[in-house]
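The structure appears right after this line, and notes come after that.
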Amino acid sequence: SPALDMLGKPHAGSDREGQPPYYCDANKVGGQWCPEVDIMEANTHAFQATLHKCDKPTNGHYEYCDRSGCAENTRDIPRSYGPGEHFTINTQHPFEVHTEFLEDAGELTGMRTVLKQASSYLVMNHSNCHGRDLSAMSTAMRHGMSVRATYWGGDAQTMAWMDAPPCGHQACKGENAGDGIISDISVSEKVWEHFEAPQEERPQWSQASAASSWQQPQPWQQQQQQ
């Protein structure tokens, strides 16, 4: 959704800092606040997904948001994600990203991210969101949130919050930079029965059985479908 002024009207914003008109996020980039869902912030060495909620808006205008949010990062899961065959997700090859928004009676309760590559998968349960009231994001998500895909973060210091370690002082330019290819984007609906927020648990990663199929129920899909 676009940034709104105190009257609830679309507002191009101030202090754009190079951002396009009407853009807003949970760190006030572009001069205005709004809820933010980082489905994928990643390079070949780290992958992070984050939910950012905000305070109650006035006519859709927000005064403050949770800057840090409740994030989960692959660098906290050993040997889970990176370039090379010894990682569960080898970023030298394409992989799938599946994001599930979990709800109970129409209110957002959590998010689950599944990375899949051939017969391997990595599950990020975002269990650090447990106990946080995410219902504040429900209205924004029901109204619709804009999708934005960008390629950014050239200097090592700019991206250290996400990838250091394992990354060091390398700049994402020259031979350290490459194409970012996103394809096959789709949105689908799953109806679950009375799903509760994820329990606090360490995210799990494993190799799926070669006999399993992506079309069949997966180990991370524990809810009962209607």
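Residues are named by chain letter and number: chains run A, B, ... in the order of the structure tokens, numbers start at 1 in each chain, and ligands are numbered from 1 in the order shown.
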
Could you pull out the strand (DSSP E or B) residues of region 23-93 of chain A, going by DSSP on the backbone, and write them as a PDB file with C-alpha atoms, in the first residue's frame?
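What landed in selection.pdb:
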ATOM      1  CA  ASP A  25       8.708   0.838   5.162  1.00  0.00           C
ATOM      2  CA  TRP A  33       6.529   4.582   8.259  1.00  0.00           C
ATOM      3  CA  GLU A  36       6.884  -4.299   6.142  1.00  0.00           C
ATOM      4  CA  VAL A  37       7.277  -7.979   5.330  1.00  0.00           C
ATOM      5  CA  ASP A  38      10.745  -8.931   4.125  1.00  0.00           C
ATOM      6  CA  ILE A  39      10.041 -12.183   2.330  1.00  0.00           C
ATOM      7  CA  MET A  40      13.629 -12.490   1.123  1.00  0.00           C
ATOM      8  CA  GLU A  41      16.706 -10.395   1.847  1.00  0.00           C
ATOM      9  CA  ALA A  42      19.598 -12.451   0.592  1.00  0.00           C
ATOM     10  CA  PHE A  47      19.133 -15.381   3.695  1.00  0.00           C
ATOM     11  CA  GLN A  48      16.902 -13.416   6.074  1.00  0.00           C
ATOM     12  CA  ALA A  49      13.129 -13.004   6.328  1.00  0.00           C
ATOM     13  CA  THR A  50      11.468 -10.541   8.726  1.00  0.00           C
ATOM     14  CA  LEU A  51       8.052  -9.364   9.895  1.00  0.00           C
ATOM     15  CA  HIS A  52       7.836  -5.683  10.910  1.00  0.00           C
ATOM     16  CA  CYS A  54       3.703  -0.893  13.390  1.00  0.00           C
ATOM     17  CA  THR A  58      -4.635   7.032  12.145  1.00  0.00           C
ATOM     18  CA  HIS A  61      -0.911   6.870   8.666  1.00  0.00           C
ATOM     19  CA  TYR A  62       1.703   5.317  10.975  1.00  0.00           C
ATOM     20  CA  CYS A  65       7.134   0.758  13.480  1.00  0.00           C
ATOM     21  CA  CYS A  70      11.275 -10.554  14.322  1.00  0.00           C
ATOM     22  CA  ALA A  71      13.828 -11.878  11.868  1.00  0.00           C
ATOM     23  CA  GLU A  72      15.273 -15.289  11.129  1.00  0.00           C
ATOM     24  CA  ASN A  73      18.600 -15.681   9.349  1.00  0.00           C
ATOM     25  CA  TYR A  81      22.698 -22.000   3.151  1.00  0.00           C
ATOM     26  CA  GLY A  82      25.656 -20.930   1.059  1.00  0.00           C
ATOM     27  CA  ILE A  89      20.731 -25.066   0.100  1.00  0.00           C
ATOM     28  CA  ASN A  90      23.575 -24.641  -2.376  1.00  0.00           C
TER      29      ASN A  90
END

Next on the checklist: Can you tell me, as an MDAnalysis selection string, which residues in region 6-200 of chain A count as alpha helix (DSSP H) by DSSP?
Outcome noted: chainID A and resid 138:143 156:163

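Closest approach to Cys172 (chain A) among A:His45, A:Arg148, A:Arg142, A:His130 is made by A:His45 (distances from only C-alpha atoms).
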
Checklist entry - For Ile185 (chain A), which of A:Thr99, A:Leu108, A:Tyr151, A:Phe87 is the closest residue, counting only C-alpha atoms? => result A:Thr99

Next on the checklist: Between A:Met124, A:Val187, A:Ala46, A:Ala136, which residue has the minimum interatomic distance to Glu107 (chain A), considering only C-alpha atoms?
Outcome noted: A:Ala136

Next on the checklist: Given only C-alpha atoms as the basis, pick out the residue of A:Asn128, A:Thr139, A:Asn43, A:Ser80 nearest to Gly106 (chain A).
Outcome noted: A:Thr139
